[in-house]
Amino acid sequence: MITVSMSGVVRAPRSRVWRALVDPAEVARWDTRALELRGVAADYQSDGQPVRWRYRVGSVPPELQDPALEVVPLQRLRLARSFGSLRFEETFSLGEEAGGEETRLALRLAAPNSVPTFGGGLNRFDVRR
């Protein structure tokens, strides 16, 4: 498993940052690669609900599968994202800073170190050898 984590402080209350993560109109406004929301339940990010976006990666518009694995409102959003055969888990964690005026936003990405192929898998680290 390959894992990358980072965090920073956003000058906005936690409720505003949370809305930017779970409101489809907000997501489309700050993530210009999210072109169109497709096949979503009425409550956009609830545990296990299917979420799909027509997304742009370079000049290619693949479909992004984006179901939520865990939703703890105002605290944590864990997603199982996939573009075709690329799969990874994305976890956003929110905490208060500066008495609630700012939000510490942490992101953790975790991806398997192998890619599925016909009849097996290809370990990404074996390719370097």
# chains A, B, ... in the order shown; residues from 1 in each chain; ligands from 1
>>> select_by_dssp(residues="range 2-126 of chain A", states="strand (DSSP E or B)", output="ChimeraX atom specification")
/A:2-10,34-38,52-55,57,60,63-65,68-72,76-83,86-97,102-111,114-117,120-123
>>> closest_atom_pairs(of="range 71-108 of chain A", to="range 8-23 of chain A", cutoff="7 Å", atoms="only C-alpha atoms", output="tab-separated table")
residue	atom	partner	partner_atom	distance
A:Leu74	CA	A:Trp18	CA	5.6
A:Leu94	CA	A:Arg14	CA	6.8
A:Glu96	CA	A:Arg14	CA	6.5
A:Gly100	CA	A:Pro13	CA	5.8
A:Glu101	CA	A:Pro13	CA	5.0
A:Glu102	CA	A:Arg11	CA	4.6
A:Thr103	CA	A:Val10	CA	5.2
A:Arg104	CA	A:Val9	CA	4.4
A:Leu105	CA	A:Gly8	CA	5.6
A:Ala106	CA	A:Gly8	CA	6.5
>>> closest_residue(among="A:Leu86, A:Gly95, A:Asp31, A:Ser114", to="Pro73 in chain A", atoms="only C-alpha atoms")
A:Gly95
>>> residues_around(residues="range 52-58 of chain A", least_positions_apart="4", cutoff="6 Å", atoms="only C-alpha atoms", output="MDAnalysis selection string")
chainID A and resid 33:39 62:66
>>> write_last_selection(atoms="all heavy atoms", output="short mmCIF file (atom, residue, chain, number, x, y, z; two decimals), in the first residue's frame")
data_model
loop_
_atom_site.label_atom_id
_atom_site.label_comp_id
_atom_site.auth_asym_id
_atom_site.auth_seq_id
_atom_site.Cartn_x
_atom_site.Cartn_y
_atom_site.Cartn_z
N ARG A 33 -12.06 20.07 -12.51
CA ARG A 33 -12.00 18.81 -13.26
C ARG A 33 -13.30 18.03 -13.14
O ARG A 33 -13.58 17.15 -13.94
CB ARG A 33 -10.82 17.96 -12.76
CG ARG A 33 -9.48 18.64 -12.99
CD ARG A 33 -8.39 17.97 -12.22
NE ARG A 33 -8.74 18.05 -10.80
CZ ARG A 33 -8.09 17.44 -9.84
NH1 ARG A 33 -7.05 16.70 -10.10
NH2 ARG A 33 -8.44 17.55 -8.58
N ALA A 34 -14.12 18.33 -12.13
CA ALA A 34 -15.42 17.68 -11.95
C ALA A 34 -16.41 18.34 -12.90
O ALA A 34 -16.89 19.44 -12.65
CB ALA A 34 -15.87 17.80 -10.50
N LEU A 35 -16.71 17.68 -14.00
CA LEU A 35 -17.52 18.27 -15.06
C LEU A 35 -19.02 18.11 -14.85
O LEU A 35 -19.81 19.00 -15.14
CB LEU A 35 -17.12 17.68 -16.41
CG LEU A 35 -15.65 17.84 -16.80
CD1 LEU A 35 -15.37 17.10 -18.09
CD2 LEU A 35 -15.27 19.31 -16.90
N GLU A 36 -19.44 16.92 -14.40
CA GLU A 36 -20.87 16.65 -14.29
C GLU A 36 -21.10 15.53 -13.29
O GLU A 36 -20.45 14.49 -13.34
CB GLU A 36 -21.41 16.22 -15.65
CG GLU A 36 -22.85 15.83 -15.65
CD GLU A 36 -23.30 15.23 -16.99
OE1 GLU A 36 -22.46 15.05 -17.90
OE2 GLU A 36 -24.49 14.96 -17.11
N LEU A 37 -22.04 15.75 -12.37
CA LEU A 37 -22.40 14.74 -11.39
C LEU A 37 -23.41 13.80 -12.03
O LEU A 37 -24.38 14.24 -12.64
CB LEU A 37 -23.00 15.42 -10.16
CG LEU A 37 -23.36 14.52 -8.98
CD1 LEU A 37 -22.12 13.83 -8.43
CD2 LEU A 37 -24.03 15.34 -7.91
N ARG A 38 -23.18 12.48 -11.88
CA ARG A 38 -24.08 11.48 -12.46
C ARG A 38 -24.44 10.44 -11.40
O ARG A 38 -23.63 10.11 -10.56
CB ARG A 38 -23.38 10.74 -13.59
CG ARG A 38 -22.99 11.60 -14.74
CD ARG A 38 -22.25 10.78 -15.75
NE ARG A 38 -22.05 11.54 -16.97
CZ ARG A 38 -21.39 11.09 -18.00
NH1 ARG A 38 -20.87 9.89 -17.99
NH2 ARG A 38 -21.25 11.84 -19.07
N GLY A 39 -25.64 9.90 -11.50
CA GLY A 39 -26.05 8.76 -10.69
C GLY A 39 -25.79 8.90 -9.21
O GLY A 39 -25.06 8.12 -8.64
N PRO A 62 -12.71 10.67 -18.15
CA PRO A 62 -13.19 9.39 -17.62
C PRO A 62 -14.28 9.60 -16.57
O PRO A 62 -14.52 10.72 -16.12
CB PRO A 62 -11.94 8.80 -16.96
CG PRO A 62 -11.21 10.00 -16.48
CD PRO A 62 -11.44 11.04 -17.55
N GLU A 63 -14.90 8.51 -16.18
CA GLU A 63 -15.88 8.57 -15.11
C GLU A 63 -15.17 8.28 -13.80
O GLU A 63 -14.40 7.32 -13.69
CB GLU A 63 -17.00 7.56 -15.34
CG GLU A 63 -18.09 7.68 -14.29
CD GLU A 63 -19.30 6.85 -14.62
OE1 GLU A 63 -20.19 7.37 -15.30
OE2 GLU A 63 -19.32 5.68 -14.22
N LEU A 64 -15.40 9.12 -12.81
CA LEU A 64 -14.84 8.94 -11.48
C LEU A 64 -15.92 8.31 -10.62
O LEU A 64 -17.00 8.87 -10.46
CB LEU A 64 -14.42 10.29 -10.90
CG LEU A 64 -14.10 10.32 -9.41
CD1 LEU A 64 -12.84 9.52 -9.11
CD2 LEU A 64 -13.93 11.76 -8.94
N GLN A 65 -15.66 7.13 -10.08
CA GLN A 65 -16.54 6.48 -9.11
C GLN A 65 -16.11 7.00 -7.74
O GLN A 65 -14.92 7.01 -7.44
CB GLN A 65 -16.40 4.96 -9.16
CG GLN A 65 -16.70 4.36 -10.50
CD GLN A 65 -18.18 4.19 -10.74
OE1 GLN A 65 -18.98 4.12 -9.81
NE2 GLN A 65 -18.56 4.14 -12.00
N ASP A 66 -17.05 7.43 -6.92
CA ASP A 66 -16.70 8.15 -5.71
C ASP A 66 -17.60 7.79 -4.52
O ASP A 66 -18.11 8.68 -3.85
CB ASP A 66 -16.82 9.65 -6.04
CG ASP A 66 -16.09 10.56 -5.11
OD1 ASP A 66 -15.20 10.11 -4.39
OD2 ASP A 66 -16.42 11.76 -5.12
#
>>> atom_distance(atom1="CA of Leu69 in chain A", atom2="CA of Ala98 in chain A")
29.6 Å
>>> residues_around(residues="Pro112 in chain A", least_positions_apart="2", cutoff="8 Å", atoms="only C-alpha atoms", output="PDB file with all heavy atoms, in the first residue's frame")
ATOM      1  N   MET A   1       0.853  -1.174   0.000  1.00  0.00           N
ATOM      2  CA  MET A   1       0.000   0.000   0.000  1.00  0.00           C
ATOM      3  C   MET A   1       0.900   1.238   0.000  1.00  0.00           C
ATOM      4  O   MET A   1       1.838   1.320   0.773  1.00  0.00           O
ATOM      5  CB  MET A   1      -0.897  -0.027   1.230  1.00  0.00           C
ATOM      6  CG  MET A   1      -1.955   1.024   1.281  1.00  0.00           C
ATOM      7  SD  MET A   1      -3.300   0.902   0.100  1.00  0.00           S
ATOM      8  CE  MET A   1      -4.145  -0.553   0.599  1.00  0.00           C
ATOM      9  N   ILE A   2       0.593   2.185  -0.845  1.00  0.00           N
ATOM     10  CA  ILE A   2       1.307   3.460  -0.912  1.00  0.00           C
ATOM     11  C   ILE A   2       0.407   4.495  -0.239  1.00  0.00           C
ATOM     12  O   ILE A   2      -0.766   4.624  -0.595  1.00  0.00           O
ATOM     13  CB  ILE A   2       1.573   3.879  -2.364  1.00  0.00           C
ATOM     14  CG1 ILE A   2       2.414   2.823  -3.066  1.00  0.00           C
ATOM     15  CG2 ILE A   2       2.235   5.245  -2.420  1.00  0.00           C
ATOM     16  CD1 ILE A   2       2.472   2.980  -4.571  1.00  0.00           C
ATOM     17  N   ARG A  87      -7.393   2.721  -8.544  1.00  0.00           N
ATOM     18  CA  ARG A  87      -8.246   2.760  -7.363  1.00  0.00           C
ATOM     19  C   ARG A  87      -7.441   3.264  -6.172  1.00  0.00           C
ATOM     20  O   ARG A  87      -6.285   2.890  -5.999  1.00  0.00           O
ATOM     21  CB  ARG A  87      -8.783   1.371  -7.053  1.00  0.00           C
ATOM     22  CG  ARG A  87      -9.581   0.804  -8.204  1.00  0.00           C
ATOM     23  CD  ARG A  87     -10.305  -0.460  -7.843  1.00  0.00           C
ATOM     24  NE  ARG A  87     -10.971  -1.159  -8.912  1.00  0.00           N
ATOM     25  CZ  ARG A  87     -11.708  -0.673  -9.864  1.00  0.00           C
ATOM     26  NH1 ARG A  87     -11.894   0.603  -9.955  1.00  0.00           N
ATOM     27  NH2 ARG A  87     -12.289  -1.421 -10.777  1.00  0.00           N
ATOM     28  N   PHE A  88      -8.076   4.097  -5.365  1.00  0.00           N
ATOM     29  CA  PHE A  88      -7.412   4.577  -4.163  1.00  0.00           C
ATOM     30  C   PHE A  88      -8.456   5.023  -3.154  1.00  0.00           C
ATOM     31  O   PHE A  88      -9.618   5.228  -3.481  1.00  0.00           O
ATOM     32  CB  PHE A  88      -6.432   5.724  -4.475  1.00  0.00           C
ATOM     33  CG  PHE A  88      -7.046   6.924  -5.132  1.00  0.00           C
ATOM     34  CD1 PHE A  88      -7.403   8.031  -4.387  1.00  0.00           C
ATOM     35  CD2 PHE A  88      -7.264   6.946  -6.502  1.00  0.00           C
ATOM     36  CE1 PHE A  88      -7.963   9.146  -4.992  1.00  0.00           C
ATOM     37  CE2 PHE A  88      -7.814   8.058  -7.119  1.00  0.00           C
ATOM     38  CZ  PHE A  88      -8.171   9.155  -6.365  1.00  0.00           C
ATOM     39  N   ALA A 110      -4.431   6.589   0.006  1.00  0.00           N
ATOM     40  CA  ALA A 110      -3.852   5.251   0.107  1.00  0.00           C
ATOM     41  C   ALA A 110      -4.213   4.484  -1.161  1.00  0.00           C
ATOM     42  O   ALA A 110      -5.391   4.381  -1.516  1.00  0.00           O
ATOM     43  CB  ALA A 110      -4.388   4.523   1.336  1.00  0.00           C
ATOM     44  N   SER A 114      -0.146  -2.374  -6.562  1.00  0.00           N
ATOM     45  CA  SER A 114      -0.244  -3.222  -7.745  1.00  0.00           C
ATOM     46  C   SER A 114      -1.438  -2.800  -8.592  1.00  0.00           C
ATOM     47  O   SER A 114      -2.392  -2.219  -8.086  1.00  0.00           O
ATOM     48  CB  SER A 114      -0.368  -4.699  -7.359  1.00  0.00           C
ATOM     49  OG  SER A 114      -1.560  -4.919  -6.655  1.00  0.00           O
ATOM     50  N   VAL A 115      -1.349  -3.097  -9.874  1.00  0.00           N
ATOM     51  CA  VAL A 115      -2.413  -2.778 -10.820  1.00  0.00           C
ATOM     52  C   VAL A 115      -2.946  -4.088 -11.369  1.00  0.00           C
ATOM     53  O   VAL A 115      -2.161  -4.944 -11.794  1.00  0.00           O
ATOM     54  CB  VAL A 115      -1.866  -1.911 -11.983  1.00  0.00           C
ATOM     55  CG1 VAL A 115      -2.943  -1.647 -13.015  1.00  0.00           C
ATOM     56  CG2 VAL A 115      -1.309  -0.605 -11.450  1.00  0.00           C
TER      57      VAL A 115
END
>>> atom_distance(atom1="CA of Arg78 in chain A", atom2="CA of Ser93 in chain A")
8.5 Å
>>> atom_distance(atom1="CA of Leu107 in chain A", atom2="CA of Val60 in chain A")
25.2 Å
>>> closest_residue(among="A:Ser5, A:Glu26, A:Ala111, A:Phe92", to="Leu79 in chain A", atoms="only C-alpha atoms")
A:Phe92
